[in-house]
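Student: For reference, the file entry.csv (CSV, C-alpha atoms and all ligand atoms) is included below:
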chain,number,residue,atom,x,y,z
A,1,MET,CA,-12.7,19.5,-4.4
A,2,VAL,CA,-13.3,15.8,-4.3
A,3,SER,CA,-11.3,13.9,-1.7
A,4,GLU,CA,-9.7,10.7,-2.8
A,5,HIS,CA,-8.0,7.8,-0.9
A,6,SER,CA,-6.0,4.7,-1.7
A,7,MET,CA,-4.6,1.7,0.1
A,8,THR,CA,-1.4,0.0,-0.9
A,9,VAL,CA,0.0,-3.3,0.3
A,10,VAL,CA,3.7,-3.4,-0.5
A,11,ARG,CA,6.5,-6.0,-0.2
A,12,LEU,CA,9.4,-4.5,1.8
A,13,ASP,CA,12.1,-7.2,1.4
A,14,GLU,CA,14.0,-6.8,-1.8
A,15,ILE,CA,13.9,-9.6,-4.4
A,16,SER,CA,15.4,-9.9,-7.9
A,17,ALA,CA,13.6,-8.5,-11.0
A,18,ILE,CA,12.6,-12.0,-12.1
A,19,GLU,CA,11.1,-12.7,-8.6
A,20,ARG,CA,9.3,-9.4,-8.6
A,21,GLU,CA,7.6,-10.3,-11.9
A,22,ARG,CA,6.7,-13.7,-10.6
A,23,THR,CA,5.3,-12.3,-7.4
A,24,ALA,CA,3.3,-9.6,-9.1
A,25,SER,CA,1.8,-12.3,-11.4
A,26,ALA,CA,0.9,-14.4,-8.3
A,27,VAL,CA,-0.9,-11.4,-6.8
A,28,GLN,CA,-2.6,-10.6,-10.1
A,29,SER,CA,-3.9,-14.2,-10.5
A,30,LEU,CA,-5.1,-14.3,-6.9
A,31,LEU,CA,-7.3,-11.2,-7.7
A,32,VAL,CA,-8.3,-12.2,-11.2
A,33,THR,CA,-9.2,-15.8,-10.4
A,34,ARG,CA,-11.5,-14.6,-7.5
A,35,GLY,CA,-13.2,-12.1,-9.8
A,36,VAL,CA,-12.0,-9.2,-7.5
A,37,ILE,CA,-10.6,-7.4,-10.5
A,38,VAL,CA,-11.1,-7.5,-14.3
A,39,PRO,CA,-9.0,-5.7,-17.0
A,40,ASN,CA,-10.0,-2.1,-17.4
A,41,ASP,CA,-11.1,-2.0,-21.1
A,42,ARG,CA,-11.9,1.7,-21.0
A,43,ARG,CA,-8.7,3.3,-19.7
A,44,ASP,CA,-8.9,7.1,-19.4
A,45,GLN,CA,-6.2,9.2,-17.9
A,46,LEU,CA,-8.6,11.4,-16.1
A,47,TRP,CA,-11.6,9.2,-15.4
A,48,GLN,CA,-10.2,5.6,-15.0
A,49,PRO,CA,-6.4,5.5,-15.3
A,50,SER,CA,-5.8,2.1,-13.7
A,51,THR,CA,-5.0,-1.2,-15.5
A,52,TRP,CA,-7.6,-3.1,-13.5
A,53,LYS,CA,-11.1,-2.3,-12.4
A,54,PRO,CA,-13.5,-3.8,-9.8
A,55,GLY,CA,-14.7,-7.3,-10.9
A,56,PRO,CA,-18.0,-9.1,-10.2
A,57,GLU,CA,-16.7,-10.4,-6.8
A,58,ALA,CA,-15.2,-7.2,-5.5
A,59,ALA,CA,-17.8,-7.0,-2.7
A,60,THR,CA,-16.5,-10.3,-1.2
A,61,VAL,CA,-13.1,-8.7,-0.2
A,62,VAL,CA,-14.2,-5.5,1.4
A,63,GLU,CA,-15.7,-4.7,4.8
A,64,PRO,CA,-19.5,-4.3,4.6
A,65,THR,CA,-20.3,-0.8,3.6
A,66,SER,CA,-23.4,1.2,2.7
A,67,TRP,CA,-21.6,3.0,-0.2
A,68,PHE,CA,-20.5,0.0,-2.2
A,69,ASP,CA,-22.8,0.8,-5.1
A,70,GLY,CA,-21.6,4.4,-5.1
A,71,PHE,CA,-18.0,3.1,-5.1
A,72,LEU,CA,-18.8,1.1,-8.3
A,73,GLN,CA,-20.0,4.3,-10.0
A,74,THR,CA,-17.1,6.5,-8.9
A,75,ALA,CA,-14.3,7.8,-11.0
A,76,ASP,CA,-10.8,6.3,-10.4
A,77,ASN,CA,-11.9,3.1,-8.6
A,78,GLY,CA,-9.3,0.9,-10.2
A,79,VAL,CA,-6.5,-1.3,-9.0
A,80,ASP,CA,-2.8,-1.1,-9.9
A,81,ILE,CA,-0.2,-3.8,-9.4
A,82,SER,CA,3.4,-2.4,-9.5
A,83,VAL,CA,6.4,-4.5,-10.3
A,84,ASP,CA,9.0,-1.7,-9.9
A,85,ARG,CA,10.2,-0.3,-6.6
A,86,ASP,CA,8.4,2.8,-5.5
A,87,ALA,CA,7.8,5.0,-2.5
A,88,TYR,CA,4.2,5.0,-1.2
A,89,HIS,CA,3.3,8.3,0.5
A,90,PRO,CA,0.3,8.7,2.8
A,91,VAL,CA,0.0,12.3,1.6
A,92,GLU,CA,-2.4,14.1,3.9
A,93,ASN,CA,-2.7,11.1,6.2
A,94,ASP,CA,1.1,11.4,7.0
A,95,GLU,CA,1.9,10.6,10.6
A,96,ALA,CA,4.9,9.0,12.4
A,97,PRO,CA,4.5,5.2,13.0
A,98,ARG,CA,4.5,3.6,16.5
A,99,CYS,CA,7.0,1.3,18.2
A,100,PRO,CA,6.0,-2.3,17.7
A,101,ARG,CA,7.0,-3.1,21.2
A,102,CYS,CA,5.7,-0.3,23.4
A,103,ASP,CA,3.5,1.8,21.1
A,104,ALA,CA,5.5,5.0,21.6
A,105,GLU,CA,5.6,7.4,18.7
A,106,ALA,CA,8.7,7.3,16.5
A,107,PRO,CA,11.6,9.4,17.7
A,108,ALA,CA,12.2,13.0,16.6
A,109,ASP,CA,15.0,11.9,14.1
A,110,TYR,CA,12.3,10.0,12.1
A,111,THR,CA,10.7,13.4,11.2
A,112,GLU,CA,13.8,15.5,11.3
A,113,SER,CA,15.8,13.4,8.9
A,114,TYR,CA,12.8,12.2,6.8
A,115,ALA,CA,14.0,13.6,3.5
A,116,GLU,CA,17.5,12.0,3.9
A,117,TRP,CA,16.5,8.5,5.0
A,118,LEU,CA,13.7,8.3,2.5
A,119,GLU,CA,16.0,9.2,-0.3
A,120,ALA,CA,18.6,6.7,0.9
A,121,TRP,CA,15.9,4.0,1.1
A,122,MET,CA,14.5,4.8,-2.3
A,123,VAL,CA,17.8,5.4,-4.2
A,124,GLU,CA,20.2,3.1,-2.5
A,125,GLY,CA,17.8,0.5,-1.1
A,126,HIS,CA,18.9,1.2,2.5
A,127,GLU,CA,16.0,0.8,4.8
A,128,PRO,CA,16.7,2.7,8.0
A,129,SER,CA,16.2,1.6,11.6
A,130,PHE,CA,15.0,3.8,14.4
A,131,SER,CA,15.5,3.4,18.1
A,132,CYS,CA,12.5,3.9,20.3
A,133,GLY,CA,12.8,6.8,22.7
A,134,SER,CA,10.8,4.9,25.4
A,135,CYS,CA,11.9,1.2,25.3
A,136,TYR,CA,15.2,1.8,23.3
A,137,ARG,CA,14.5,-1.1,20.9
A,138,SER,CA,15.9,-0.5,17.4
A,139,THR,CA,13.5,-1.5,14.6
A,140,PRO,CA,13.7,-1.2,10.8
A,141,VAL,CA,11.3,1.5,9.7
A,142,GLY,CA,9.0,-0.9,7.8
A,143,ASP,CA,8.3,-2.8,11.0
A,144,TRP,CA,7.1,0.1,13.0
A,145,ASN,CA,3.3,0.0,13.4
A,146,GLY,CA,1.0,2.2,11.4
A,147,ARG,CA,-0.7,2.6,8.1
A,148,PHE,CA,-0.1,6.3,7.6
A,149,SER,CA,3.7,6.4,7.1
A,150,VAL,CA,5.8,6.2,3.9
A,151,LEU,CA,7.1,2.8,2.8
A,152,VAL,CA,9.3,1.8,-0.1
A,153,GLY,CA,9.2,-1.6,-1.9
A,154,ALA,CA,8.0,-3.9,-4.6
A,155,PRO,CA,5.8,-5.4,-5.8
A,156,ALA,CA,2.8,-3.6,-4.5
A,157,VAL,CA,-1.0,-3.6,-5.1
A,158,THR,CA,-2.9,-0.3,-4.8
A,159,PHE,CA,-6.7,-0.1,-4.4
A,160,LEU,CA,-8.0,3.4,-5.4
A,161,ASN,CA,-11.0,4.7,-3.6
A,162,TRP,CA,-12.1,1.3,-2.5
A,163,PRO,CA,-14.0,0.6,0.8
A,164,PRO,CA,-11.7,-0.9,3.5
A,165,ILE,CA,-10.3,-4.3,2.4
A,166,SER,CA,-11.2,-7.1,4.8
A,167,HIS,CA,-8.6,-8.5,7.2
A,168,GLY,CA,-8.8,-11.9,5.6
A,169,HIS,CA,-8.1,-10.6,2.1
A,170,LEU,CA,-5.3,-8.4,3.3
A,171,ALA,CA,-3.7,-11.4,4.9
A,172,GLU,CA,-4.0,-13.3,1.6
A,173,LEU,CA,-2.4,-10.4,-0.3
A,174,ARG,CA,0.5,-10.2,2.2
A,175,ASP,CA,1.0,-13.9,1.9
A,176,ALA,CA,1.1,-13.7,-1.9
A,177,LEU,CA,3.6,-10.8,-1.8
A,178,GLY,CA,5.7,-12.8,0.7
A,179,GLY,CA,8.5,-11.7,3.1
A,180,ARG,CA,7.9,-8.5,5.1
A,181,THR,CA,5.0,-6.4,3.9
A,182,GLY,CA,3.4,-3.1,5.0
A,183,ILE,CA,0.3,-1.1,4.3
A,184,VAL,CA,0.0,2.6,3.4
A,185,SER,CA,-3.3,4.3,3.5
A,186,SER,CA,-3.2,7.6,1.6
A,187,HIS,CA,-5.6,10.5,1.4
A,188,TRP,CA,-5.4,13.6,-0.8
B,1,ZN,ZN,9.3,1.2,22.2
Please express the file's structure as structure tokens.
Tutor:
Amino acid sequence: MVSEHSMTVVRLDEISAIERERTASAVQSLLVTRGVIVPNDRRDQLWQPSTWKPGPEAATVVEPTSWFDGFLQTADNGVDISVDRDAYHPVENDEAPRCPRCDAEAPADYTESYAEWLEAWMVEGHEPSFSCGSCYRSTPVGDWNGRFSVLVGAPAVTFLNWPPISHGHLAELRDALGGRTGIVSSHW
């Protein structure tokens, strides 16, 4: 069983459908202009399902790694840019986020009412807030710290099986997405 991972940067604040299209295009041109991604001309549902694949400058946006050449040869190493709202699950990485003020773990109701608040966020667009059990500050779920917790939003860009994206490039992507953004690192 091969293990796979992905990293998604997602915009949390809602915008209109037209703005979503425009923002997704801005993210796409940022990546295409730099040569980070190129169109995937050989899409294959099992081998390479993504719209985009690593471009000639992909190495310039990742942390230095010994397995970069291996990454280029791997199946499912594409990039997807989503315009529509979606929920991004950390799958096996799943863990509760931490309080942005005092770093305490999210309160029990985060886990206990997970299914309900996630559905309300996804279906009704109602992002929940949770109160910290230690410092009592109430914070929208998307602003709790962590990369291993579910987030909902659009647009989003997902890197499949890539080496870690550099801090500088993540900042640029968050900037292009605009508003509040979050990161979900998944593993399955
Ligand atoms: Zn706290």
Student: From the set A:Arg101, A:Arg137, A:Arg34, A:His187, which residue has the shortest atom-to-atom contact distance to Asn161 of chain A, counting all atoms listed in the file?
Tutor: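 Among the listed residues, A:His187 lies closest to Asn161 of chain A.
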Student: How many Å lie between atom CA of Leu170 of chain A and atom CA of Gly146 of chain A, rounded to one decimal?
Tutor: 14.8 Å
Student: Which residues sit within 8 Å of ligand ZN 1 (chain B), counting only C-alpha atoms and all ligand atoms, listed as a PDB file with C-alpha atoms, in the frame of the given file?
Tutor:
ATOM      1  CA  ARG A  98       4.500   3.600  16.500  1.00  0.00           C
ATOM      2  CA  CYS A  99       7.000   1.300  18.200  1.00  0.00           C
ATOM      3  CA  PRO A 100       6.000  -2.300  17.700  1.00  0.00           C
ATOM      4  CA  ARG A 101       7.000  -3.100  21.200  1.00  0.00           C
ATOM      5  CA  CYS A 102       5.700  -0.300  23.400  1.00  0.00           C
ATOM      6  CA  ASP A 103       3.500   1.800  21.100  1.00  0.00           C
ATOM      7  CA  ALA A 104       5.500   5.000  21.600  1.00  0.00           C
ATOM      8  CA  SER A 131      15.500   3.400  18.100  1.00  0.00           C
ATOM      9  CA  CYS A 132      12.500   3.900  20.300  1.00  0.00           C
ATOM     10  CA  GLY A 133      12.800   6.800  22.700  1.00  0.00           C
ATOM     11  CA  SER A 134      10.800   4.900  25.400  1.00  0.00           C
ATOM     12  CA  CYS A 135      11.900   1.200  25.300  1.00  0.00           C
ATOM     13  CA  TYR A 136      15.200   1.800  23.300  1.00  0.00           C
ATOM     14  CA  ARG A 137      14.500  -1.100  20.900  1.00  0.00           C
TER      15      ARG A 137
END
Student: Quick one: residues within 10 Å of segment 83-95 of chain A, only C-alpha atoms counted, chain neighbours fewer than 3 positions away excluded, as a VMD selection string?
Tutor: chain A and resid 5 to 12 14 17 to 25 80 98 105 to 106 111 118 to 119 121 to 123 125 146 to 158 183 to 188
Student: Of the residues A:Phe68, A:Trp144, A:Trp52, A:Trp162, which is the one nearest to Ile81 of chain A, using only C-alpha atoms?
Tutor: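 Selected residue with least distance to Ile81 of chain A: A:Trp52.
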Student: Looking at only C-alpha atoms, which of A:His126, A:Asp143, A:Leu160, A:Gly35 is the one that sits closest to Thr51 of chain A?
Tutor: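 Residue with the minimum atom-to-atom distance to Thr51 of chain A: A:Leu160.
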Student: Give me the residues within 9 Å of Ser50 of chain A as a list of chain:residue names, counting only C-alpha atoms and dropping any in the same chain fewer than 6 places off.
Tutor: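 Near neighbours after the sequence-gap exclusion: A:Asn40, A:Arg43, A:Asp44, A:Asp76, A:Asn77, A:Gly78, A:Val79, A:Asp80, A:Leu160.
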Student: Atom CA of Gly142 of chain A and atom CA of Arg180 of chain A, how far apart in Å?
Tutor: 8.1 Å
Student: Please measure the separation of atom CA of Ser113 of chain A and atom CA of Asp13 of chain A, giving the value in Å to one decimal.
Tutor: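 Pair atom CA of Ser113 of chain A / atom CA of Asp13 of chain A returns 22.2 Å.
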Student: Name the closest residue to Thr181 of chain A among the candidates A:Val36, A:Ile165, A:Val141, A:Ala96; distances are taken between atoms, counting all atoms listed in the file.
Tutor: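 Ranking A:Val36, A:Ile165, A:Val141, A:Ala96 by distance to Thr181 of chain A, first place goes to A:Val141.
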Student: Residues within 8 Å of (-10.8, -4.3, 3.7), file coordinates, counting all atoms listed in the file: what are they? Give the list as a ChimeraX atom specification.
Tutor: /A:61-63,163-167,169-170
